[in-house]
$ cat final-v3.pdb   # PDB, C-alpha atoms and all ligand atoms
ATOM      1  CA  MET X   1       0.000   0.000   0.000
ATOM      2  CA  PRO X   2       1.426   3.427  -0.866
ATOM      3  CA  TYR X   3       2.306   5.930   1.829
ATOM      4  CA  ARG X   4       0.949   9.462   1.964
ATOM      5  CA  LEU X   5       3.509  12.160   1.212
ATOM      6  CA  THR X   6       2.852  15.804   2.055
ATOM      7  CA  ILE X   7       5.087  18.511   0.623
ATOM      8  CA  GLU X   8       5.457  21.660   2.743
ATOM      9  CA  PRO X   9       5.083  24.605   2.513
ATOM     10  CA  SER X  10       2.857  24.021  -0.554
ATOM     11  CA  GLY X  11       0.688  21.454   1.244
ATOM     12  CA  HIS X  12       0.560  19.258  -1.864
ATOM     13  CA  GLU X  13      -0.299  15.642  -1.098
ATOM     14  CA  LEU X  14       0.562  12.577  -3.134
ATOM     15  CA  ASP X  15       1.083   8.818  -2.917
ATOM     16  CA  CYS X  16       4.572   7.388  -2.633
ATOM     17  CA  ASP X  17       5.077   3.650  -3.085
ATOM     18  CA  SER X  18       7.317   1.854  -0.610
ATOM     19  CA  ASP X  19       9.761   0.943  -3.399
ATOM     20  CA  GLU X  20       9.783   4.414  -4.899
ATOM     21  CA  THR X  21      12.029   7.339  -3.971
ATOM     22  CA  ILE X  22      10.483  10.596  -2.816
ATOM     23  CA  LEU X  23      11.830  12.286  -5.958
ATOM     24  CA  GLU X  24      10.335   9.642  -8.263
ATOM     25  CA  ALA X  25       6.965  10.024  -6.586
ATOM     26  CA  ALA X  26       7.054  13.828  -6.798
ATOM     27  CA  LEU X  27       7.996  13.819 -10.490
ATOM     28  CA  ARG X  28       5.428  11.101 -11.250
ATOM     29  CA  HIS X  29       2.739  13.370  -9.830
ATOM     30  CA  GLY X  30       4.017  16.445 -11.700
ATOM     31  CA  PHE X  31       5.605  18.187  -8.693
ATOM     32  CA  ASN X  32       9.021  19.521  -9.606
ATOM     33  CA  ILE X  33      11.468  19.501  -6.687
ATOM     34  CA  PRO X  34      15.215  20.249  -7.013
ATOM     35  CA  TYR X  35      17.298  17.413  -8.477
ATOM     36  CA  SER X  36      20.152  16.766 -10.820
ATOM     37  CA  CYS X  37      22.125  13.493 -10.834
ATOM     38  CA  ARG X  38      19.440  11.177  -9.396
ATOM     39  CA  ASN X  39      22.171   8.850  -8.142
ATOM     40  CA  GLY X  40      23.167  10.328  -4.771
ATOM     41  CA  THR X  41      26.197  12.287  -6.019
ATOM     42  CA  CYS X  42      25.256  15.951  -6.264
ATOM     43  CA  ALA X  43      23.187  16.746  -3.115
ATOM     44  CA  THR X  44      20.845  18.982  -5.150
ATOM     45  CA  CYS X  45      17.857  17.011  -3.840
ATOM     46  CA  LYS X  46      18.822  17.297  -0.167
ATOM     47  CA  GLY X  47      15.771  18.262   1.877
ATOM     48  CA  ARG X  48      14.154  17.964   5.262
ATOM     49  CA  ILE X  49      11.905  15.215   6.619
ATOM     50  CA  LEU X  50       9.468  17.011   8.931
ATOM     51  CA  SER X  51       7.733  13.850  10.115
ATOM     52  CA  GLY X  52       7.800  10.126   9.396
ATOM     53  CA  THR X  53      10.675   7.747   8.732
ATOM     54  CA  VAL X  54      12.589   6.830   5.604
ATOM     55  CA  ASP X  55      15.075   4.305   4.326
ATOM     56  CA  TYR X  56      17.938   6.701   3.444
ATOM     57  CA  GLY X  57      19.230   4.439   0.674
ATOM     58  CA  ASP X  58      22.844   4.044  -0.270
ATOM     59  CA  VAL X  59      24.309   7.482   0.465
ATOM     60  CA  GLU X  60      27.907   8.534   0.934
ATOM     61  CA  GLU X  61      28.845  10.334   4.145
ATOM     62  CA  LYS X  62      30.368  13.243   2.197
ATOM     63  CA  VAL X  63      27.048  13.865   0.386
ATOM     64  CA  LEU X  64      24.765  13.274   3.400
ATOM     65  CA  SER X  65      26.482  12.992   6.761
ATOM     66  CA  ASP X  66      25.144  11.124   9.793
ATOM     67  CA  ALA X  67      24.847  14.478  11.551
ATOM     68  CA  GLU X  68      22.626  15.746   8.711
ATOM     69  CA  LYS X  69      20.470  12.604   8.938
ATOM     70  CA  ALA X  70      20.129  13.218  12.679
ATOM     71  CA  GLU X  71      19.065  16.790  11.853
ATOM     72  CA  GLY X  72      16.276  15.387   9.662
ATOM     73  CA  LEU X  73      17.860  15.786   6.230
ATOM     74  CA  ALA X  74      17.670  13.189   3.441
ATOM     75  CA  LEU X  75      18.502  12.854  -0.240
ATOM     76  CA  PHE X  76      15.110  12.704  -1.904
ATOM     77  CA  CYS X  77      16.517  10.882  -4.955
ATOM     78  CA  GLN X  78      17.537   8.006  -2.645
ATOM     79  CA  ALA X  79      15.145   8.060   0.318
ATOM     80  CA  MET X  80      12.118   5.751   0.284
ATOM     81  CA  PRO X  81       9.236   5.975   2.738
ATOM     82  CA  LEU X  82       8.844   3.658   5.717
ATOM     83  CA  SER X  83       5.732   5.548   6.882
ATOM     84  CA  ASP X  84       3.532   8.465   5.853
ATOM     85  CA  LEU X  85       5.818  11.469   5.403
ATOM     86  CA  LYS X  86       5.820  15.211   5.597
ATOM     87  CA  ILE X  87       8.775  16.832   3.842
ATOM     88  CA  GLU X  88       9.946  20.404   3.415
ATOM     89  CA  VAL X  89      11.181  21.425   0.004
ATOM     90  CA  ARG X  90      10.742  24.355  -2.351
ATOM     91  CA  GLU X  91       8.826  23.281  -5.437
ATOM     92  CA  ILE X  92      10.010  24.785  -8.708
ATOM     93  CA  GLY X  93       7.308  26.069 -10.994
ATOM     94  CA  ALA X  94       9.433  26.854 -14.053
ATOM     95  CA  ALA X  95       9.929  23.311 -15.361
ATOM     96  CA  LYS X  96       6.543  22.069 -14.229
ATOM     97  CA  ASP X  97       4.868  21.999 -17.616
ATOM     98  CA  ILE X  98       7.852  20.705 -19.537
ATOM     99  CA  GLN X  99       7.281  17.179 -20.707
ATOM    100  CA  ILE X 100      10.056  14.615 -20.221
ATOM    101  CA  LYS X 101      10.279  12.598 -23.442
ATOM    102  CA  THR X 102      12.112   9.529 -24.688
ATOM    103  CA  LEU X 103      13.230  10.187 -28.252
ATOM    104  CA  PRO X 104      15.587   8.936 -30.920
ATOM    105  CA  ALA X 105      18.259  11.310 -32.204
ATOM    106  CA  ARG X 106      20.644  11.148 -35.135
ATOM    107  CA  VAL X 107      24.270  12.208 -34.737
ATOM    108  CA  ALA X 108      24.408  15.192 -37.097
ATOM    109  CA  LYS X 109      27.921  16.445 -36.384
ATOM    110  CA  ILE X 110      30.933  15.570 -34.236
ATOM    111  CA  GLU X 111      33.548  18.240 -33.493
ATOM    112  CA  ASP X 112      36.809  18.007 -31.572
ATOM    113  CA  VAL X 113      36.836  21.152 -29.458
ATOM    114  CA  ALA X 114      39.674  20.368 -26.992
ATOM    115  CA  PRO X 115      42.253  17.562 -26.746
ATOM    116  CA  ASP X 116      39.838  15.308 -24.867
ATOM    117  CA  VAL X 117      36.463  16.999 -25.421
ATOM    118  CA  ARG X 118      34.115  16.364 -28.309
ATOM    119  CA  ALA X 119      30.989  18.354 -29.094
ATOM    120  CA  LEU X 120      28.214  16.091 -30.266
ATOM    121  CA  PHE X 121      25.316  17.619 -32.185
ATOM    122  CA  LEU X 122      22.111  15.588 -32.252
ATOM    123  CA  LYS X 123      19.084  15.977 -34.508
ATOM    124  CA  ILE X 124      15.718  14.858 -33.253
ATOM    125  CA  PRO X 125      12.956  13.805 -35.678
ATOM    126  CA  SER X 126      11.405  16.771 -37.479
ATOM    127  CA  THR X 127       7.990  15.786 -36.113
ATOM    128  CA  GLU X 128       9.242  16.281 -32.556
ATOM    129  CA  ARG X 129      10.182  19.313 -30.532
ATOM    130  CA  LEU X 130      12.155  19.211 -27.306
ATOM    131  CA  GLN X 131      11.133  21.935 -24.939
ATOM    132  CA  PHE X 132      13.691  22.542 -22.191
ATOM    133  CA  LEU X 133      15.235  25.213 -20.005
ATOM    134  CA  PRO X 134      18.879  26.117 -20.725
ATOM    135  CA  GLY X 135      21.118  24.245 -18.287
ATOM    136  CA  GLN X 136      18.997  21.080 -18.107
ATOM    137  CA  TYR X 137      20.424  17.723 -19.179
ATOM    138  CA  ILE X 138      19.464  14.587 -21.059
ATOM    139  CA  ASP X 139      20.225  10.938 -20.333
ATOM    140  CA  ILE X 140      21.574   8.935 -23.272
ATOM    141  CA  LEU X 141      19.952   5.485 -23.000
ATOM    142  CA  LEU X 142      22.372   2.668 -23.767
ATOM    143  CA  LYS X 143      21.421  -0.759 -25.077
ATOM    144  CA  ASP X 144      22.463  -2.467 -21.822
ATOM    145  CA  GLY X 145      19.858  -0.417 -19.935
ATOM    146  CA  SER X 146      22.358   2.011 -18.406
ATOM    147  CA  ARG X 147      22.275   5.786 -18.845
ATOM    148  CA  ARG X 148      24.768   8.564 -19.331
ATOM    149  CA  GLY X 149      23.778  12.114 -18.402
ATOM    150  CA  PHE X 150      25.012  15.132 -20.392
ATOM    151  CA  SER X 151      24.044  18.787 -20.104
ATOM    152  CA  LEU X 152      22.509  20.538 -23.066
ATOM    153  CA  ALA X 153      24.908  23.270 -24.220
ATOM    154  CA  ASN X 154      22.507  24.928 -26.650
ATOM    155  CA  THR X 155      19.406  27.023 -26.075
ATOM    156  CA  PRO X 156      15.862  25.980 -26.950
ATOM    157  CA  ASN X 157      15.887  28.801 -29.526
ATOM    158  CA  ASP X 158      18.229  26.903 -31.793
ATOM    159  CA  ASP X 159      16.444  23.640 -31.235
ATOM    160  CA  ALA X 160      17.451  22.172 -34.578
ATOM    161  CA  LEU X 161      20.460  20.459 -33.003
ATOM    162  CA  LEU X 162      21.068  19.410 -29.403
ATOM    163  CA  GLU X 163      24.651  20.099 -28.341
ATOM    164  CA  LEU X 164      26.518  17.951 -25.805
ATOM    165  CA  HIS X 165      30.135  18.327 -24.643
ATOM    166  CA  ILE X 166      31.633  14.899 -24.046
ATOM    167  CA  LYS X 167      34.803  14.493 -22.002
ATOM    168  CA  LYS X 168      36.880  11.434 -22.873
ATOM    169  CA  VAL X 169      37.051   8.987 -19.991
ATOM    170  CA  VAL X 170      39.630   6.232 -20.379
ATOM    171  CA  GLY X 171      37.817   2.902 -20.473
ATOM    172  CA  GLY X 172      34.400   4.579 -20.632
ATOM    173  CA  ALA X 173      31.862   2.369 -22.409
ATOM    174  CA  PHE X 174      29.988   5.303 -23.931
ATOM    175  CA  THR X 175      32.567   8.088 -24.068
ATOM    176  CA  GLY X 176      35.116   5.602 -25.446
ATOM    177  CA  HIS X 177      32.659   4.886 -28.251
ATOM    178  CA  VAL X 178      32.120   8.629 -28.857
ATOM    179  CA  PHE X 179      35.875   9.050 -29.372
ATOM    180  CA  SER X 180      36.492   5.922 -31.428
ATOM    181  CA  GLY X 181      33.499   4.271 -33.098
ATOM    182  CA  MET X 182      30.737   6.890 -33.280
ATOM    183  CA  LYS X 183      29.946   8.258 -36.730
ATOM    184  CA  GLU X 184      27.639  10.880 -38.134
ATOM    185  CA  LYS X 185      24.161   9.469 -38.865
ATOM    186  CA  ASP X 186      24.388   7.016 -35.931
ATOM    187  CA  ILE X 187      21.131   6.806 -33.986
ATOM    188  CA  LEU X 188      20.931   7.257 -30.205
ATOM    189  CA  ARG X 189      18.022   7.268 -27.796
ATOM    190  CA  PHE X 190      17.699   9.698 -24.942
ATOM    191  CA  GLU X 191      15.377  10.813 -22.166
ATOM    192  CA  GLY X 192      14.974  14.450 -21.249
ATOM    193  CA  PRO X 193      14.997  17.216 -20.382
ATOM    194  CA  LEU X 194      15.993  16.500 -16.782
ATOM    195  CA  GLY X 195      17.224  18.398 -13.749
ATOM    196  CA  THR X 196      16.540  21.741 -12.164
ATOM    197  CA  PHE X 197      19.775  23.551 -13.026
ATOM    198  CA  PHE X 198      18.421  26.518 -14.940
ATOM    199  CA  ILE X 199      18.292  30.282 -14.518
ATOM    200  CA  ARG X 200      15.710  31.555 -12.045
ATOM    201  CA  GLN X 201      14.195  34.200 -14.289
ATOM    202  CA  GLU X 202      12.230  35.871 -11.510
ATOM    203  CA  SER X 203      15.460  37.183  -9.971
ATOM    204  CA  THR X 204      17.194  40.411 -10.960
ATOM    205  CA  ARG X 205      20.359  39.773  -8.928
ATOM    206  CA  PRO X 206      23.797  39.778 -10.583
ATOM    207  CA  LEU X 207      25.003  36.361 -11.651
ATOM    208  CA  LEU X 208      28.085  34.527 -10.480
ATOM    209  CA  MET X 209      28.698  31.525 -12.715
ATOM    210  CA  VAL X 210      31.406  28.997 -11.965
ATOM    211  CA  ALA X 211      32.386  25.976 -14.035
ATOM    212  CA  THR X 212      35.220  23.513 -14.231
ATOM    213  CA  GLY X 213      35.997  21.519 -17.391
ATOM    214  CA  THR X 214      32.925  20.527 -19.385
ATOM    215  CA  GLY X 215      30.794  22.108 -16.660
ATOM    216  CA  PHE X 216      30.968  24.935 -19.201
ATOM    217  CA  ALA X 217      28.269  23.170 -21.283
ATOM    218  CA  PRO X 218      25.129  24.134 -19.309
ATOM    219  CA  ILE X 219      26.609  27.553 -18.521
ATOM    220  CA  LYS X 220      27.014  28.142 -22.277
ATOM    221  CA  GLY X 221      23.319  27.398 -22.813
ATOM    222  CA  MET X 222      22.345  29.700 -19.948
ATOM    223  CA  LEU X 223      24.572  32.522 -21.200
ATOM    224  CA  GLU X 224      23.312  32.303 -24.774
ATOM    225  CA  SER X 225      19.771  32.392 -23.495
ATOM    226  CA  LEU X 226      20.436  35.444 -21.270
ATOM    227  CA  PHE X 227      22.101  37.279 -24.175
ATOM    228  CA  ALA X 228      19.247  36.375 -26.532
ATOM    229  CA  GLN X 229      16.702  37.716 -24.041
ATOM    230  CA  GLY X 230      18.571  41.016 -23.797
ATOM    231  CA  SER X 231      19.118  40.524 -20.054
ATOM    232  CA  ILE X 232      21.449  43.134 -18.570
ATOM    233  CA  ARG X 233      22.032  41.361 -15.259
ATOM    234  CA  PRO X 234      25.795  41.643 -14.587
ATOM    235  CA  ILE X 235      27.479  38.272 -15.187
ATOM    236  CA  HIS X 236      30.785  37.133 -13.704
ATOM    237  CA  PHE X 237      31.790  33.819 -15.220
ATOM    238  CA  TYR X 238      34.743  31.865 -13.788
ATOM    239  CA  TRP X 239      35.970  28.862 -15.775
ATOM    240  CA  GLY X 240      38.640  26.636 -14.290
ATOM    241  CA  VAL X 241      40.575  23.904 -16.088
ATOM    242  CA  ARG X 242      43.722  21.898 -15.407
ATOM    243  CA  HIS X 243      45.737  22.880 -18.509
ATOM    244  CA  ALA X 244      45.280  25.950 -20.726
ATOM    245  CA  GLU X 245      44.565  23.756 -23.779
ATOM    246  CA  ASP X 246      41.491  22.409 -21.976
ATOM    247  CA  PHE X 247      39.643  25.659 -22.685
ATOM    248  CA  TYR X 248      37.517  25.590 -25.810
ATOM    249  CA  TYR X 249      35.163  27.880 -27.783
ATOM    250  CA  GLU X 250      37.726  30.697 -27.444
ATOM    251  CA  SER X 251      36.304  32.763 -30.314
ATOM    252  CA  LEU X 252      32.771  32.545 -28.906
ATOM    253  CA  LEU X 253      33.998  33.733 -25.506
ATOM    254  CA  GLN X 254      35.924  36.593 -27.100
ATOM    255  CA  GLN X 255      32.851  37.574 -29.086
ATOM    256  CA  TRP X 256      30.730  37.674 -25.919
ATOM    257  CA  GLN X 257      33.360  39.769 -24.147
ATOM    258  CA  SER X 258      33.495  42.353 -26.920
ATOM    259  CA  GLN X 259      29.734  42.397 -27.475
ATOM    260  CA  TYR X 260      28.397  42.437 -23.891
ATOM    261  CA  SER X 261      29.896  44.917 -21.439
ATOM    262  CA  HIS X 262      27.997  43.297 -18.556
ATOM    263  CA  PHE X 263      29.752  39.942 -19.198
ATOM    264  CA  ASN X 264      33.010  39.411 -17.289
ATOM    265  CA  LEU X 265      35.093  36.315 -17.921
ATOM    266  CA  THR X 266      37.893  34.954 -15.749
ATOM    267  CA  LYS X 267      39.737  31.829 -16.870
ATOM    268  CA  ILE X 268      41.866  29.986 -14.315
ATOM    269  CA  VAL X 269      44.381  27.200 -14.878
ATOM    270  CA  SER X 270      45.348  24.920 -11.992
ATOM    271  CA  GLN X 271      48.423  23.349 -13.645
ATOM    272  CA  PRO X 272      49.786  26.119 -15.900
ATOM    273  CA  ASP X 273      52.696  25.837 -18.281
ATOM    274  CA  SER X 274      55.101  28.696 -19.000
ATOM    275  CA  GLN X 275      52.837  30.077 -21.773
ATOM    276  CA  TRP X 276      49.929  30.810 -19.430
ATOM    277  CA  SER X 277      49.874  34.354 -18.093
ATOM    278  CA  GLY X 278      46.384  34.439 -16.533
ATOM    279  CA  PRO X 279      45.225  33.520 -13.022
ATOM    280  CA  THR X 280      46.366  30.185 -11.638
ATOM    281  CA  GLY X 281      45.141  27.896  -8.883
ATOM    282  CA  TYR X 282      41.674  26.721  -7.971
ATOM    283  CA  VAL X 283      38.586  28.468  -9.216
ATOM    284  CA  THR X 284      37.071  28.545  -5.715
ATOM    285  CA  GLU X 285      40.023  30.558  -4.376
ATOM    286  CA  GLN X 286      39.911  33.034  -7.262
ATOM    287  CA  VAL X 287      36.172  33.661  -6.858
ATOM    288  CA  ILE X 288      36.438  34.393  -3.173
ATOM    289  CA  LYS X 289      39.542  36.546  -3.647
ATOM    290  CA  ASP X 290      37.545  38.686  -6.091
ATOM    291  CA  PHE X 291      34.309  38.621  -4.080
ATOM    292  CA  PRO X 292      34.954  38.339  -0.329
ATOM    293  CA  ASP X 293      31.343  39.495   0.078
ATOM    294  CA  ALA X 294      29.185  37.376  -2.250
ATOM    295  CA  SER X 295      25.858  38.164  -0.607
ATOM    296  CA  ALA X 296      24.308  40.012  -3.571
ATOM    297  CA  PHE X 297      24.658  37.259  -6.186
ATOM    298  CA  ASP X 298      22.703  34.369  -7.595
ATOM    299  CA  ALA X 299      25.364  31.682  -8.056
ATOM    300  CA  TYR X 300      25.264  28.912 -10.660
ATOM    301  CA  ILE X 301      27.971  26.279 -10.218
ATOM    302  CA  CYS X 302      28.705  23.273 -12.412
ATOM    303  CA  GLY X 303      31.527  20.754 -12.240
ATOM    304  CA  HIS X 304      32.968  17.946 -10.149
ATOM    305  CA  PRO X 305      31.157  17.427  -6.811
ATOM    306  CA  ASP X 306      34.271  18.334  -4.774
ATOM    307  CA  MET X 307      34.469  21.735  -6.469
ATOM    308  CA  VAL X 308      30.724  22.315  -6.282
ATOM    309  CA  PHE X 309      30.516  21.453  -2.570
ATOM    310  CA  SER X 310      33.535  23.575  -1.649
ATOM    311  CA  MET X 311      32.425  26.515  -3.827
ATOM    312  CA  SER X 312      28.951  26.415  -2.259
ATOM    313  CA  ALA X 313      30.391  26.274   1.263
ATOM    314  CA  VAL X 314      32.810  29.121   0.581
ATOM    315  CA  LEU X 315      30.065  31.293  -0.923
ATOM    316  CA  GLU X 316      27.875  30.704   2.129
ATOM    317  CA  GLN X 317      30.791  31.782   4.329
ATOM    318  CA  ALA X 318      31.037  34.874   2.111
ATOM    319  CA  GLY X 319      27.475  35.792   3.008
ATOM    320  CA  LEU X 320      25.490  34.208   0.175
ATOM    321  CA  ASN X 321      22.306  32.569   1.395
ATOM    322  CA  SER X 322      22.021  28.957   0.168
ATOM    323  CA  GLU X 323      18.687  29.729  -1.490
ATOM    324  CA  HIS X 324      20.664  31.766  -4.033
ATOM    325  CA  ILE X 325      23.056  28.922  -4.866
ATOM    326  CA  PHE X 326      22.122  26.588  -7.742
ATOM    327  CA  ALA X 327      24.438  23.744  -8.575
ATOM    328  CA  ASP X 328      24.933  20.854 -10.924
ATOM    329  CA  ALA X 329      27.582  18.481  -9.615
ATOM    330  CA  PHE X 330      28.598  15.646 -11.888
ATOM    331  CA  VAL X 331      31.212  12.984 -12.248
ATOM    332  CA  PHE X 332      32.273  12.388 -15.835
ATOM    333  CA  ALA X 333      29.949   9.963 -17.580
ATOM    334  CA  LYS X 334      31.876   6.889 -18.750
TER     335      LYS X 334
HETATM  336 FE1  LIG G 401      19.899  13.472  -5.388
HETATM  337 FE2  LIG G 401      21.818  14.338  -7.020
HETATM  338  S1  LIG G 401      22.001  13.547  -4.965
HETATM  339  S2  LIG G 401      19.670  14.412  -7.322
END
$ encode --input "final-v3.pdb" --output "structure tokens"
Amino acid sequence: MPYRLTIEPSGHELDCDSDETILEAALRHGFNIPYSCRNGTCATCKGRILSGTVDYGDVEEKVLSDAEKAEGLALFCQAMPLSDLKIEVREIGAAKDIQIKTLPARVAKIEDVAPDVRALFLKIPSTERLQFLPGQYIDILLKDGSRRGFSLANTPNDDALLELHIKKVVGGAFTGHVFSGMKEKDILRFEGPLGTFFIRQESTRPLLMVATGTGFAPIKGMLESLFAQGSIRPIHFYWGVRHAEDFYYESLLQQWQSQYSHFNLTKIVSQPDSQWSGPTGYVTEQVIKDFPDASAFDAYICGHPDMVFSMSAVLEQAGLNSEHIFADAFVFAK
């Protein structure tokens, strides 16, 4: 028999099966609560259990600590009900009416953009349209039943081709194929759009955007969308990579810098060679050096979980309330 789940402060009520996560139940009923990875990695779905008990699922201490469990927190993408529940989480209206679809897509173009990054451009059938919010992701569905999540790097305005940035992972079943066997005209299947990493349009606050590596992909979609809308919210974008050659889309970035005076770009290299003359070190340190008081921003952060967690913590210490921090933490899909 399903348990009763109440979402506060909205008061929405729904059924949640005993073998279903809280997130699955919410999405099944059309209630959009924050999530990204759906596998217990990113902490985006962390929320409070106000009453009732849950099976916390398989969660790592660094993503949800025992102290946080004792405080009443849970990962809603992992937690399953053991009783009727009341939870506290902010529902997100923006993606509510966007339909998640499973579609085929043809590989239209493959471009090498950095030594170990390929941009993959996918064409969906002309009878279909994929509505999404810039920054969301899709899951590529593999024949063995597994999935690989990639952010959409394009905007819905140029919906002819979906753009993914794929980082090569040695031994990766899918990314290995992208770098060796994949050809134009190959057919893939995907599910999407997914996730709640997208610009909160209701805000007018200046934007602090932080990415490492291919975390640039969703940020690119967000930036193109902001520019297309004519938004004049000040944007400070920090992009960190290991080696200078890991940066890509240089001419696009230069074009944005010359065209938009409210767009400020800082590129940081953690392992520079003698040619690199820009900032060095970790992106988190550079951001906080430039903005010791971060309280006025909306922050959008995308990259490895370690960077995302430390950047979020540092921004909170710098006065930014967590409700203004939006993050997409990912480990490279294999
Ligand atoms: Fe739950 Fe990522 S940890 S969505």
$ axis_aligned_box --input "final-v3.pdb" --around "ligand LIG 401 (chain G)" --padding-each-side "5 Å" --output "JSON"
{"center_x": 20.8, "center_y": 13.9, "center_z": -6.1, "size_x": 12.3, "size_y": 10.9, "size_z": 12.4}
$ closest_residue --input "final-v3.pdb" --among "X:Phe76, X:Tyr282, X:Trp256, X:Tyr56" --to "Leu27 in chain X" --atoms "all atoms listed in the file"
X:Phe76
$ resolve_selection --input "final-v3.pdb" --expression "the PyMOL selection byres (((chain X and resi 212) around 9) and not hetatm)" --output "PyMOL selection string"
chain X and resi 210-211+213-216+238-242+283+301-304+307
$ closest_atom_pairs --input "final-v3.pdb" --of "chain X" --to "ligand LIG 401 (chain G)" --cutoff "10 Å" --atoms "all atoms listed in the file" --output "Markdown table"
| residue | atom | partner | partner_atom | distance |
| --- | --- | --- | --- | --- |
| X:Leu23 | CA | G:LIG401 | FE1 | 8.2 |
| X:Ile33 | CA | G:LIG401 | S2 | 9.7 |
| X:Pro34 | CA | G:LIG401 | S2 | 7.3 |
| X:Tyr35 | CA | G:LIG401 | S2 | 4.0 |
| X:Ser36 | CA | G:LIG401 | S2 | 4.2 |
| X:Cys37 | CA | G:LIG401 | FE2 | 3.9 |
| X:Arg38 | CA | G:LIG401 | S2 | 3.8 |
| X:Asn39 | CA | G:LIG401 | FE2 | 5.6 |
| X:Gly40 | CA | G:LIG401 | S1 | 3.4 |
| X:Thr41 | CA | G:LIG401 | S1 | 4.5 |
| X:Cys42 | CA | G:LIG401 | FE2 | 3.9 |
| X:Ala43 | CA | G:LIG401 | S1 | 3.9 |
| X:Thr44 | CA | G:LIG401 | FE2 | 5.1 |
| X:Cys45 | CA | G:LIG401 | FE1 | 4.4 |
| X:Lys46 | CA | G:LIG401 | FE1 | 6.6 |
| X:Gly47 | CA | G:LIG401 | FE1 | 9.6 |
| X:Val59 | CA | G:LIG401 | S1 | 8.5 |
| X:Glu60 | CA | G:LIG401 | S1 | 9.7 |
| X:Val63 | CA | G:LIG401 | S1 | 7.4 |
| X:Leu64 | CA | G:LIG401 | S1 | 8.8 |
| X:Ala74 | CA | G:LIG401 | FE1 | 9.1 |
| X:Leu75 | CA | G:LIG401 | FE1 | 5.4 |
| X:Phe76 | CA | G:LIG401 | FE1 | 6.0 |
| X:Cys77 | CA | G:LIG401 | FE1 | 4.3 |
| X:Gln78 | CA | G:LIG401 | FE1 | 6.6 |
| X:Ala79 | CA | G:LIG401 | FE1 | 9.2 |
| X:Gly195 | CA | G:LIG401 | S2 | 7.9 |
| X:Thr196 | CA | G:LIG401 | S2 | 9.3 |
| X:Pro305 | CA | G:LIG401 | FE2 | 9.8 |
| X:Ala327 | CA | G:LIG401 | FE2 | 9.9 |
| X:Asp328 | CA | G:LIG401 | FE2 | 8.2 |
| X:Ala329 | CA | G:LIG401 | FE2 | 7.6 |
| X:Phe330 | CA | G:LIG401 | FE2 | 8.4 |
$ residues_around --input "final-v3.pdb" --residues "range 82-84 of chain X" --least-positions-apart "5" --cutoff "10 Å" --atoms "only C-alpha atoms" --output "PyMOL selection string"
chain X and resi 2-6+15-19+51-56
$ closest_residue --input "final-v3.pdb" --among "X:Met209, X:Leu162, X:Ala114, X:Ala313" --to "Tyr248 in chain X" --atoms "only C-alpha atoms"
X:Ala114
$ resolve_selection --input "final-v3.pdb" --expression "the PyMOL selection byres (((chain X and resi 168) around 12) and not hetatm)" --output "PyMOL selection string"
chain X and resi 112-119+165-167+169-180+213-214+246+332-334
$ resolve_selection --input "final-v3.pdb" --expression "the PyMOL selection byres (((chain X and resi 281) around 9) and not hetatm)" --output "number ranges by chain"
X: 240, 242, 268-272, 279-280, 282-286
$ write_last_selection --input "final-v3.pdb" --atoms "C-alpha atoms" --output "compact mmCIF listing (two decimals), in the frame of the given file"
# COMPACT_ATOMS: atom_id res chain seq x y z
CA GLY X 240 38.64 26.64 -14.29
CA ARG X 242 43.72 21.90 -15.41
CA ILE X 268 41.87 29.99 -14.32
CA VAL X 269 44.38 27.20 -14.88
CA SER X 270 45.35 24.92 -11.99
CA GLN X 271 48.42 23.35 -13.64
CA PRO X 272 49.79 26.12 -15.90
CA PRO X 279 45.22 33.52 -13.02
CA THR X 280 46.37 30.18 -11.64
CA TYR X 282 41.67 26.72 -7.97
CA VAL X 283 38.59 28.47 -9.22
CA THR X 284 37.07 28.54 -5.72
CA GLU X 285 40.02 30.56 -4.38
CA GLN X 286 39.91 33.03 -7.26
$ closest_residue --input "final-v3.pdb" --among "X:Leu130, X:Ile92, X:Gln99, X:Leu188" --to "Lys143 in chain X" --atoms "all atoms listed in the file"
X:Leu188
$ build_atoms --input "final-v3.pdb" --residues "range 242-249 of chain X" --atoms "N, CA and C atoms" --output "short mmCIF file (atom, residue, chain, number, x, y, z; two decimals), in the frame of the given file"
data_model
loop_
_atom_site.label_atom_id
_atom_site.label_comp_id
_atom_site.auth_asym_id
_atom_site.auth_seq_id
_atom_site.Cartn_x
_atom_site.Cartn_y
_atom_site.Cartn_z
N ARG X 242 42.41 22.33 -15.89
CA ARG X 242 43.72 21.90 -15.41
C ARG X 242 44.84 22.53 -16.26
N HIS X 243 44.72 22.36 -17.59
CA HIS X 243 45.74 22.88 -18.51
C HIS X 243 45.08 23.89 -19.44
N ALA X 244 45.86 24.89 -19.89
CA ALA X 244 45.28 25.95 -20.73
C ALA X 244 44.62 25.40 -21.99
N GLU X 245 45.16 24.30 -22.54
CA GLU X 245 44.56 23.76 -23.78
C GLU X 245 43.20 23.11 -23.54
N ASP X 246 42.81 22.98 -22.26
CA ASP X 246 41.49 22.41 -21.98
C ASP X 246 40.36 23.41 -22.22
N PHE X 247 40.69 24.69 -22.34
CA PHE X 247 39.64 25.66 -22.68
C PHE X 247 39.21 25.43 -24.13
N TYR X 248 37.98 25.70 -24.42
CA TYR X 248 37.52 25.59 -25.81
C TYR X 248 36.49 26.70 -26.09
N TYR X 249 36.09 26.82 -27.34
CA TYR X 249 35.16 27.88 -27.78
C TYR X 249 35.73 29.28 -27.49
#
